[in-house]
$ cat input.cif   # mmCIF, C-alpha atoms and all ligand atoms
data_input
loop_
_atom_site.label_atom_id
_atom_site.label_comp_id
_atom_site.auth_asym_id
_atom_site.auth_seq_id
_atom_site.Cartn_x
_atom_site.Cartn_y
_atom_site.Cartn_z
CA MET A 94 -24.79 -6.14 63.02
CA SER A 95 -25.83 -4.31 59.84
CA GLU A 96 -26.29 -6.26 56.61
CA ASN A 97 -23.23 -4.44 55.29
CA ASP A 98 -20.99 -5.76 58.03
CA VAL A 99 -20.98 -9.06 56.16
CA LYS A 100 -17.36 -9.63 55.16
CA PRO A 101 -16.99 -10.05 51.40
CA ASN A 102 -15.55 -13.48 50.77
CA LYS A 103 -13.31 -13.44 47.71
CA GLU A 104 -14.48 -16.81 46.46
CA LEU A 105 -18.12 -15.90 46.94
CA LEU A 106 -18.19 -12.16 46.43
CA LEU A 107 -21.46 -10.89 45.02
CA ASP A 108 -20.25 -8.18 42.72
CA PRO A 109 -22.70 -6.18 40.59
CA PHE A 110 -19.76 -4.58 38.74
CA GLY A 111 -17.71 -7.71 38.14
CA THR A 112 -17.99 -11.43 37.68
CA THR A 113 -20.09 -13.24 40.21
CA ILE A 114 -19.67 -16.99 40.33
CA VAL A 115 -21.83 -18.76 42.88
CA LYS A 116 -20.88 -22.36 43.41
CA ASP A 117 -23.14 -22.97 46.36
CA TYR A 118 -26.35 -20.98 46.75
CA GLU A 119 -26.95 -22.41 50.24
CA ARG A 120 -23.90 -20.51 51.50
CA LEU A 121 -25.50 -17.21 50.57
CA TYR A 122 -28.12 -17.82 53.24
CA LYS A 123 -25.47 -18.10 55.94
CA GLU A 124 -22.93 -15.60 54.75
CA PHE A 125 -25.05 -12.81 53.27
CA GLY A 126 -28.26 -13.12 55.26
CA ILE A 127 -30.36 -13.88 52.18
CA GLN A 128 -33.48 -15.85 53.17
CA PRO A 129 -34.56 -19.06 51.38
CA PHE A 130 -37.56 -18.51 49.12
CA LYS A 131 -38.99 -22.03 49.18
CA PRO A 132 -40.79 -21.80 52.56
CA LEU A 133 -42.81 -18.83 51.23
CA LEU A 134 -44.03 -20.62 48.13
CA GLN A 135 -47.17 -22.09 49.70
CA ARG A 136 -48.38 -18.60 50.62
CA ILE A 137 -48.22 -17.32 47.04
CA LYS A 138 -51.48 -17.91 45.19
CA ASN A 139 -50.16 -17.70 41.68
CA PRO A 140 -46.39 -18.18 41.81
CA PHE A 141 -44.25 -17.25 38.84
CA MET A 142 -42.62 -20.15 36.96
CA ALA A 143 -39.14 -19.27 38.29
CA MET A 144 -40.49 -19.28 41.85
CA ARG A 145 -42.04 -22.73 41.47
CA ARG A 146 -38.83 -24.20 40.02
CA GLY A 147 -36.40 -22.78 42.59
CA VAL A 148 -34.76 -20.47 40.04
CA ILE A 149 -35.83 -17.71 42.42
CA PHE A 150 -34.13 -19.17 45.43
CA GLY A 151 -33.76 -16.30 47.89
CA HIS A 152 -35.29 -13.08 49.15
CA ARG A 153 -35.10 -10.26 51.62
CA ASP A 154 -38.31 -9.25 53.39
CA PHE A 155 -40.57 -10.73 50.74
CA GLU A 156 -43.20 -11.56 53.40
CA LYS A 157 -44.23 -7.87 53.24
CA ILE A 158 -44.95 -8.22 49.53
CA ILE A 159 -46.95 -11.42 50.04
CA ASP A 160 -49.01 -9.57 52.63
CA CYS A 161 -49.74 -6.83 50.06
CA MET A 162 -50.62 -9.38 47.35
CA GLU A 163 -52.88 -11.32 49.73
CA ASN A 164 -54.70 -8.30 51.08
CA GLY A 165 -54.84 -5.98 48.08
CA LYS A 166 -52.49 -3.43 49.71
CA GLU A 167 -50.44 -1.00 47.68
CA PHE A 168 -46.92 -2.09 46.73
CA ALA A 169 -44.38 -1.36 44.03
CA VAL A 170 -41.94 -3.30 41.87
CA LEU A 171 -38.78 -1.79 40.47
CA SER A 172 -36.16 -3.32 38.27
CA GLY A 173 -34.47 -2.41 35.07
CA ILE A 174 -31.90 -2.99 32.43
CA LYS A 175 -28.39 -1.76 31.76
CA PRO A 176 -28.49 -0.72 28.08
CA THR A 177 -25.22 -2.31 27.00
CA GLY A 178 -26.58 -4.48 24.19
CA GLU A 179 -29.53 -6.51 22.98
CA PHE A 180 -31.78 -8.61 25.24
CA HIS A 181 -30.27 -11.89 26.39
CA LEU A 182 -31.45 -14.61 28.76
CA GLY A 183 -30.36 -12.71 31.90
CA THR A 184 -32.31 -9.56 31.05
CA LEU A 185 -35.21 -11.71 29.86
CA MET A 186 -35.58 -13.19 33.36
CA THR A 187 -35.76 -9.81 35.10
CA ALA A 188 -38.23 -8.52 32.50
CA LYS A 189 -40.53 -11.52 33.05
CA GLU A 190 -40.33 -11.03 36.81
CA ILE A 191 -41.35 -7.39 36.64
CA ILE A 192 -44.25 -8.26 34.32
CA TYR A 193 -45.36 -10.94 36.79
CA PHE A 194 -45.45 -8.42 39.66
CA GLN A 195 -47.24 -5.86 37.50
CA LYS A 196 -49.94 -8.48 36.87
CA GLN A 197 -50.18 -9.06 40.65
CA GLY A 198 -51.13 -5.38 41.06
CA ALA A 199 -47.78 -3.70 41.72
CA GLN A 200 -47.16 -0.07 40.85
CA THR A 201 -44.44 -0.69 38.28
CA PHE A 202 -41.12 1.06 37.67
CA TYR A 203 -38.66 0.04 34.94
CA CYS A 204 -35.36 1.81 34.89
CA VAL A 205 -32.90 2.13 32.01
CA ALA A 206 -29.61 2.22 33.90
CA ASP A 207 -27.68 4.31 31.39
CA ILE A 208 -25.50 5.95 34.05
CA GLU A 209 -24.35 2.52 35.19
CA ALA A 210 -23.79 1.51 31.55
CA TYR A 211 -21.52 4.53 31.20
CA GLU A 212 -19.64 4.12 34.48
CA ASP A 213 -19.34 0.33 34.45
CA ASN A 214 -19.22 -0.52 30.74
CA LYS A 215 -17.96 2.76 29.22
CA ILE A 216 -21.00 2.92 26.90
CA PRO A 217 -21.49 6.54 25.79
CA PHE A 218 -25.00 7.92 26.28
CA GLU A 219 -25.57 8.29 22.51
CA LYS A 220 -24.90 4.59 22.10
CA SER A 221 -26.89 3.43 25.13
CA GLU A 222 -29.87 5.42 23.81
CA LYS A 223 -30.02 3.12 20.79
CA TYR A 224 -29.85 -0.01 22.91
CA ALA A 225 -32.46 1.43 25.29
CA VAL A 226 -35.03 1.80 22.48
CA GLY A 227 -34.61 -1.86 21.54
CA ASN A 228 -34.60 -2.99 25.17
CA ILE A 229 -37.85 -1.16 25.94
CA ALA A 230 -39.46 -2.52 22.77
CA ASP A 231 -38.43 -5.99 24.03
CA VAL A 232 -40.01 -5.57 27.45
CA LEU A 233 -43.22 -4.17 25.93
CA ALA A 234 -43.35 -7.11 23.51
CA LEU A 235 -42.99 -9.46 26.47
CA GLY A 236 -46.10 -7.96 28.03
CA LEU A 237 -45.21 -4.97 30.22
CA ASP A 238 -48.20 -2.64 30.17
CA PRO A 239 -46.81 0.86 29.57
CA LYS A 240 -50.05 2.51 30.72
CA ASN A 241 -49.43 1.21 34.23
CA ALA A 242 -45.66 1.58 34.40
CA TYR A 243 -43.16 4.35 34.89
CA ILE A 244 -40.31 3.70 32.46
CA TYR A 245 -37.37 6.10 32.64
CA ARG A 246 -33.71 6.69 31.93
CA GLN A 247 -31.52 7.32 34.99
CA SER A 248 -29.69 10.17 33.26
CA LYS A 249 -32.98 12.01 32.65
CA GLU A 250 -34.65 11.42 36.03
CA ASN A 251 -33.70 14.30 38.31
CA ARG A 252 -35.50 12.88 41.34
CA VAL A 253 -33.19 9.86 41.26
CA LYS A 254 -30.09 12.03 40.90
CA ASP A 255 -31.28 14.34 43.71
CA LEU A 256 -31.76 11.35 46.01
CA ALA A 257 -28.25 10.15 45.16
CA ILE A 258 -26.83 13.53 46.19
CA ILE A 259 -28.76 13.48 49.46
CA PHE A 260 -27.82 9.87 50.23
CA GLY A 261 -24.15 10.60 49.53
CA ARG A 262 -23.91 12.22 52.97
CA ALA A 263 -24.57 8.86 54.61
CA ALA A 264 -21.97 6.90 52.65
CA THR A 265 -18.32 7.01 53.63
CA LEU A 266 -15.52 5.68 51.50
CA ALA A 267 -15.11 2.84 54.01
CA THR A 268 -18.77 1.82 53.52
CA MET A 269 -18.45 1.84 49.74
CA LYS A 270 -15.27 -0.22 49.85
CA ALA A 271 -16.85 -2.73 52.24
CA ILE A 272 -19.81 -3.25 49.91
CA TYR A 273 -18.29 -2.85 46.43
CA GLY A 274 -14.55 -3.22 46.89
CA GLU A 275 -12.12 -0.55 45.72
CA ARG A 276 -13.61 1.12 42.61
CA HIS A 277 -13.44 4.43 40.80
CA ILE A 278 -15.69 7.17 42.11
CA GLY A 279 -17.99 6.93 39.08
CA LEU A 280 -19.04 3.43 40.14
CA TYR A 281 -19.70 4.56 43.70
CA LEU A 282 -21.79 7.38 42.24
CA SER A 283 -23.67 4.93 40.07
CA ALA A 284 -24.31 2.76 43.16
CA LEU A 285 -25.81 5.79 44.94
CA ILE A 286 -27.97 6.40 41.88
CA GLN A 287 -29.18 2.79 42.03
CA VAL A 288 -30.25 3.44 45.61
CA GLY A 289 -32.13 6.47 44.29
CA ASP A 290 -33.87 4.19 41.74
CA ILE A 291 -34.81 1.64 44.38
CA LEU A 292 -36.33 4.26 46.69
CA LEU A 293 -37.94 6.39 43.94
CA PRO A 294 -41.33 4.58 44.16
CA GLN A 295 -41.62 5.74 47.78
CA LEU A 296 -41.41 9.48 47.06
CA PRO A 297 -44.57 11.59 47.54
CA ASP A 298 -44.83 12.02 43.73
CA PHE A 299 -45.61 8.29 43.52
CA GLY A 300 -47.88 8.06 46.55
CA GLY A 301 -45.27 7.93 49.35
CA PRO A 302 -43.75 5.08 51.35
CA LYS A 303 -44.80 1.57 50.43
CA PRO A 304 -43.34 -1.94 50.29
CA THR A 305 -41.25 -2.25 47.14
CA VAL A 306 -39.86 -5.44 45.66
CA VAL A 307 -36.76 -5.46 43.51
CA PRO A 308 -36.46 -8.71 41.50
CA VAL A 309 -32.85 -9.23 40.45
CA GLY A 310 -30.08 -11.72 39.84
CA VAL A 311 -28.26 -12.47 43.07
CA ASP A 312 -25.14 -10.60 41.89
CA GLN A 313 -27.13 -7.38 42.47
CA ASP A 314 -27.56 -8.04 46.20
CA PRO A 315 -24.95 -5.42 47.23
CA HIS A 316 -27.23 -2.70 45.80
CA LEU A 317 -30.08 -4.07 47.90
CA ARG A 318 -28.03 -4.20 51.09
CA PHE A 319 -26.85 -0.65 50.48
CA SER A 320 -30.39 0.56 49.70
CA ARG A 321 -31.76 -1.02 52.85
CA ASP A 322 -29.08 0.66 54.95
CA ILE A 323 -29.78 4.04 53.37
CA ALA A 324 -33.56 3.57 53.72
CA GLN A 325 -33.02 2.88 57.42
CA ARG A 326 -30.83 5.97 57.87
CA PHE A 327 -33.33 8.26 56.08
CA ARG A 328 -36.41 6.64 57.53
CA ARG A 329 -37.23 9.48 59.88
CA LYS A 330 -37.02 12.09 57.11
CA TYR A 331 -38.83 10.17 54.34
CA GLY A 332 -40.67 7.34 56.15
CA PHE A 333 -39.09 4.78 53.82
CA GLU A 334 -40.03 1.11 54.04
CA LEU A 335 -36.94 -1.09 53.73
CA PRO A 336 -37.02 -2.43 50.15
CA SER A 337 -37.62 -6.15 49.62
CA ALA A 338 -35.90 -8.32 47.02
CA THR A 339 -36.18 -11.62 45.22
CA TYR A 340 -33.03 -13.26 43.89
CA HIS A 341 -32.79 -15.55 40.91
CA LYS A 342 -29.93 -17.88 40.12
CA ILE A 343 -27.48 -16.97 37.41
CA ILE A 344 -28.02 -19.05 34.26
CA LYS A 345 -24.97 -21.05 33.15
CA GLY A 346 -23.04 -20.24 29.99
CA LEU A 347 -23.77 -22.43 26.97
CA ASP A 348 -20.08 -23.32 26.92
CA GLY A 349 -20.33 -24.78 30.42
CA SER A 350 -18.94 -21.68 32.15
CA PRO A 351 -20.74 -20.61 35.34
CA LYS A 352 -22.14 -17.48 33.71
CA MET A 353 -23.05 -16.23 30.22
CA SER A 354 -20.54 -13.55 29.32
CA LYS A 355 -20.03 -11.11 26.47
CA ARG A 356 -16.37 -12.04 26.55
CA SER A 357 -17.22 -15.53 25.26
CA PRO A 358 -19.71 -15.26 22.38
CA MET A 359 -20.40 -19.02 22.42
CA SER A 360 -21.60 -18.77 26.05
CA TYR A 361 -24.79 -16.82 25.27
CA PHE A 362 -27.12 -15.60 22.57
CA THR A 363 -29.17 -12.46 22.20
CA LEU A 364 -32.73 -12.28 20.93
CA ASP A 365 -31.65 -10.38 17.82
CA GLU A 366 -29.00 -12.82 16.58
CA LYS A 367 -29.57 -14.74 13.34
CA LEU A 368 -31.68 -17.82 13.94
CA GLU A 369 -28.97 -20.07 12.45
CA VAL A 370 -26.42 -18.59 14.86
CA ILE A 371 -28.66 -19.20 17.87
CA ALA A 372 -29.33 -22.77 16.69
CA ASN A 373 -25.63 -23.34 16.16
CA LYS A 374 -24.72 -22.09 19.64
CA ILE A 375 -27.26 -24.40 21.29
CA SER A 376 -26.22 -27.25 19.08
CA ASN A 377 -22.59 -26.83 20.19
CA ALA A 378 -23.44 -26.26 23.85
CA PHE A 379 -21.75 -28.11 26.66
CA THR A 380 -24.02 -30.72 28.27
CA GLY A 381 -24.13 -33.00 31.27
CA GLY A 382 -24.14 -35.96 28.87
CA ARG A 383 -21.79 -38.96 28.82
CA PRO A 384 -19.02 -39.47 26.24
CA THR A 385 -20.89 -42.27 24.40
CA VAL A 386 -24.51 -43.15 23.70
CA LYS A 387 -23.98 -46.50 25.43
CA GLU A 388 -22.76 -44.82 28.63
CA GLN A 389 -25.57 -42.29 28.50
CA ARG A 390 -28.16 -45.08 28.16
CA GLU A 391 -26.59 -47.00 31.06
CA GLN A 392 -25.69 -44.21 33.47
CA GLY A 393 -27.97 -41.32 32.45
CA GLY A 394 -26.87 -37.69 32.11
CA VAL A 395 -26.36 -34.97 34.72
CA PRO A 396 -28.99 -32.25 34.19
CA GLU A 397 -27.72 -30.32 37.25
CA ILE A 398 -24.64 -29.20 35.31
CA CYS A 399 -26.31 -28.88 31.91
CA PRO A 400 -27.02 -25.47 30.33
CA VAL A 401 -29.46 -27.01 27.83
CA TYR A 402 -31.59 -28.19 30.75
CA GLU A 403 -31.35 -24.73 32.31
CA ILE A 404 -32.50 -23.00 29.13
CA ASP A 405 -35.68 -25.10 29.24
CA MET A 406 -36.19 -24.71 32.96
CA PHE A 407 -35.44 -21.00 33.26
CA HIS A 408 -37.32 -19.87 30.17
CA PHE A 409 -38.70 -21.93 27.37
CA VAL A 410 -40.78 -24.78 28.77
CA GLU A 411 -43.97 -23.54 30.42
CA ASP A 412 -45.22 -26.88 31.70
CA ASP A 413 -43.66 -27.99 35.03
CA ASP A 414 -44.45 -31.64 34.30
CA GLU A 415 -42.54 -31.45 31.03
CA VAL A 416 -39.49 -30.07 32.87
CA LYS A 417 -39.73 -32.87 35.46
CA LYS A 418 -40.02 -35.45 32.69
CA THR A 419 -36.94 -34.07 30.94
CA TYR A 420 -35.01 -34.33 34.22
CA TYR A 421 -36.17 -37.88 34.77
CA ASP A 422 -35.55 -38.96 31.17
CA CYS A 423 -32.06 -37.48 31.25
CA ARG A 424 -31.21 -39.07 34.58
CA THR A 425 -32.39 -42.49 33.49
CA GLY A 426 -30.72 -42.39 30.08
CA LYS A 427 -33.96 -42.32 28.11
CA LEU A 428 -33.13 -38.95 26.61
CA LEU A 429 -29.99 -38.32 24.58
CA CYS A 430 -28.33 -34.92 24.29
CA GLY A 431 -28.71 -34.62 20.50
CA GLU A 432 -32.43 -35.26 20.72
CA HIS A 433 -32.82 -32.82 23.62
CA LYS A 434 -30.84 -30.08 21.90
CA LYS A 435 -33.00 -30.42 18.79
CA ARG A 436 -36.13 -29.97 20.89
CA THR A 437 -34.70 -26.99 22.76
CA ILE A 438 -33.60 -25.31 19.53
CA GLU A 439 -37.17 -25.63 18.26
CA HIS A 440 -38.60 -24.08 21.47
CA VAL A 441 -36.12 -21.23 21.42
CA LEU A 442 -36.49 -20.40 17.74
CA ASN A 443 -40.30 -20.47 17.94
CA PHE A 444 -40.15 -18.03 20.83
CA VAL A 445 -37.63 -15.75 19.10
CA ARG A 446 -39.61 -15.64 15.83
CA GLU A 447 -42.83 -14.68 17.63
CA HIS A 448 -41.07 -12.20 19.87
CA ARG A 449 -39.45 -10.37 16.96
CA LYS A 450 -42.78 -9.86 15.23
CA LYS A 451 -44.24 -8.28 18.38
CA ARG A 452 -41.11 -6.25 19.16
CA GLU A 453 -41.10 -4.57 15.77
CA LYS A 454 -44.49 -3.05 16.53
CA TYR A 455 -43.23 -1.47 19.77
CA ILE A 456 -40.17 0.39 18.49
CA ASP A 457 -42.01 3.69 17.98
CA LYS A 458 -43.74 3.37 21.33
CA ALA A 459 -40.35 2.77 22.99
CA ARG A 460 -38.96 5.93 21.35
CA GLU A 461 -41.92 7.91 22.56
CA ILE A 462 -41.61 6.63 26.15
CA LEU A 463 -37.90 7.39 26.27
CA GLY A 464 -38.26 10.75 24.54
CA ILE A 465 -35.85 9.74 21.80
CA GLY A 466 -36.68 11.10 18.35
S1 LIG B 1 -30.02 -35.24 27.92
FE1 LIG B 1 -30.45 -33.05 27.95
S2 LIG B 1 -30.45 -32.48 30.09
FE2 LIG B 1 -29.43 -34.44 29.92
S3 LIG B 1 -27.28 -33.93 29.77
FE3 LIG B 1 -28.06 -34.19 27.67
S4 LIG B 1 -28.65 -32.14 27.03
FE4 LIG B 1 -28.41 -32.11 29.25
#

$ encode --input "input.cif" --output "structure tokens"
Amino acid sequence: MSENDVKPNKELLLDPFGTTIVKDYERLYKEFGIQPFKPLLQRIKNPFMAMRRGVIFGHRDFEKIIDCMENGKEFAVLSGIKPTGEFHLGTLMTAKEIIYFQKQGAQTFYCVADIEAYEDNKIPFEKSEKYAVGNIADVLALGLDPKNAYIYRQSKENRVKDLAIIFGRAATLATMKAIYGERHIGLYLSALIQVGDILLPQLPDFGGPKPTVVPVGVDQDPHLRFSRDIAQRFRRKYGFELPSATYHKIIKGLDGSPKMSKRSPMSYFTLDEKLEVIANKISNAFTGGRPTVKEQREQGGVPEICPVYEIDMFHFVEDDDEVKKTYYDCRTGKLLCGEHKKRTIEHVLNFVREHRKKREKYIDKAREILGIG
């Protein structure tokens, strides 16, 4: 059975073009063939924070990448951003992942998915250009080394578009519907282009076939399944290695919804929002706390359903022991939500202030990389 024979389950559908709500990550192992990440952890010398904390919970073929990291073999990392707005906590996670793999020695590719932004979000190219400059300045400020990375826009990278045309011969309408549901042709085209992105590092111009890891949110898995199928079909011609992937969990919305969404402004914040607005959103966030202080002290809170806890754990608290202590203190009623929110606001605002100073310095560099005057 091919990975794409997995029947999309309406309740659980992983949809890169829609809303993905995962209630039970364990089910993804059974129903989509994603492998659990935890058993690999002991083999990774210097695991990324999100790996250690189970935020990266799944993978496909990541053993190949561990082998490369252990033995100094060549490998690549590719991920990117859809330039539909300013950096938020979802794009921040992918950016940190790619920087981690770059530091582990990966040949690094960062793609600005402007074709997808056009097809999926109706963002005209002139507008996505502006977002792209800011997004690239963000990723440089976070630590991506541009000297050792290939950063490009899909719409300007002919090799990616050529691959999409070639791969189109191997994709029937039935395949596209099985993976992505019924969509307009532009989205199917953009999916083929994503496959071109994922296999770009393996072209002779970049040193030929090699293990490639694609770190993404789990909603992007259909692109990975499709890419692996295409890589298999074109293996004889190009010698492709099947791409590997790591999957991170989707961070909850601040309003308690399963996902941060542009449709509900109180569910997320971007790194360019006013500091008071960010503070206000966190201050008003849903929590796993009890209705009264007395109940919280007696019964403890529920960090598992709490977005404030997730903000700390996914991003803003570096020390694992501090995260564990927060969990324990919440569970045992030592920590109250007001106190915790105050602390989290401080962490977030400190990060944002520092980040903005660095980002400002990279705007011109980002323009230069993207060829935007
Ligand atoms: S104490 Fe913190 S982790 Fe616990 S429910 Fe309240 S805000 Fe969430």

$ axis_aligned_box --input "input.cif" --around "ligand LIG 1 (chain B)" --padding-each-side "5 Å" --output "lines of an AutoDock Vina configuration file"
center_x = -28.9
center_y = -33.7
center_z = 28.6
size_x = 13.2
size_y = 13.1
size_z = 13.1

$ residues_near_ligand --input "input.cif" --ligand "ligand LIG 1 (chain B)" --cutoff "12 Å" --atoms "only C-alpha atoms and all ligand atoms" --output "ChimeraX atom specification"
/A:347,349,375-386,388-390,392-406,416-438

$ residues_around --input "input.cif" --residues "region 338-343 of chain A" --least-positions-apart "3" --cutoff "6 Å" --atoms "only C-alpha atoms" --output "PyMOL selection string"
chain A and resi 148-153+306-311

$ atom_distance --input "input.cif" --atom1 "CA of Ala199 (chain A)" --atom2 "CA of Gly173 (chain A)"
14.9 Å

$ atom_distance --input "input.cif" --atom1 "CA of Lys223 (chain A)" --atom2 "CA of Val253 (chain A)"
21.8 Å

$ residues_around --input "input.cif" --residues "Met142 (chain A)" --least-positions-apart "4" --cutoff "9 Å" --atoms "all atoms listed in the file" --output "ChimeraX atom specification"
/A:146-148,406-408,411-413

$ decode --input "input.cif" --residues "region 310-354 of chain A" --atoms "C-alpha atoms" --output "tab-separated table (two decimals), in the first residue's frame"
chain	number	residue	atom	x	y	z
A	310	GLY	CA	3.74	21.34	11.27
A	311	VAL	CA	1.84	18.09	10.93
A	312	ASP	CA	-0.82	19.74	8.74
A	313	GLN	CA	1.80	19.77	5.96
A	314	ASP	CA	2.12	15.97	5.90
A	315	PRO	CA	0.13	15.59	2.64
A	316	HIS	CA	2.92	17.47	0.82
A	317	LEU	CA	5.44	15.04	2.28
A	318	ARG	CA	3.44	11.96	1.31
A	319	PHE	CA	3.03	13.33	-2.20
A	320	SER	CA	6.74	14.22	-2.46
A	321	ARG	CA	7.78	10.76	-1.32
A	322	ASP	CA	5.53	9.15	-3.92
A	323	ILE	CA	6.91	11.37	-6.67
A	324	ALA	CA	10.51	10.81	-5.51
A	325	GLN	CA	9.88	7.07	-5.74
A	326	ARG	CA	8.40	7.33	-9.24
A	327	PHE	CA	11.30	9.47	-10.53
A	328	ARG	CA	13.98	7.61	-8.65
A	329	ARG	CA	15.41	5.87	-11.68
A	330	LYS	CA	15.72	9.13	-13.64
A	331	TYR	CA	17.06	11.38	-10.85
A	332	GLY	CA	18.29	8.96	-8.15
A	333	PHE	CA	16.17	10.77	-5.54
A	334	GLU	CA	16.33	9.77	-1.88
A	335	LEU	CA	12.84	9.72	-0.36
A	336	PRO	CA	12.59	12.94	1.69
A	337	SER	CA	12.39	12.67	5.48
A	338	ALA	CA	10.23	14.82	7.73
A	339	THR	CA	9.79	15.90	11.32
A	340	TYR	CA	6.35	16.97	12.51
A	341	HIS	CA	5.59	19.41	15.27
A	342	LYS	CA	2.30	19.81	17.06
A	343	ILE	CA	0.06	22.72	16.25
A	344	ILE	CA	0.12	25.36	19.00
A	345	LYS	CA	-3.29	26.14	20.51
A	346	GLY	CA	-5.04	29.46	19.99
A	347	LEU	CA	-4.82	31.93	22.87
A	348	ASP	CA	-8.62	31.92	22.96
A	349	GLY	CA	-8.64	28.19	23.68
A	350	SER	CA	-9.32	27.18	20.07
A	351	PRO	CA	-7.31	24.22	18.76
A	352	LYS	CA	-5.30	26.42	16.39
A	353	MET	CA	-4.19	30.06	16.12
A	354	SER	CA	-6.08	31.57	13.23
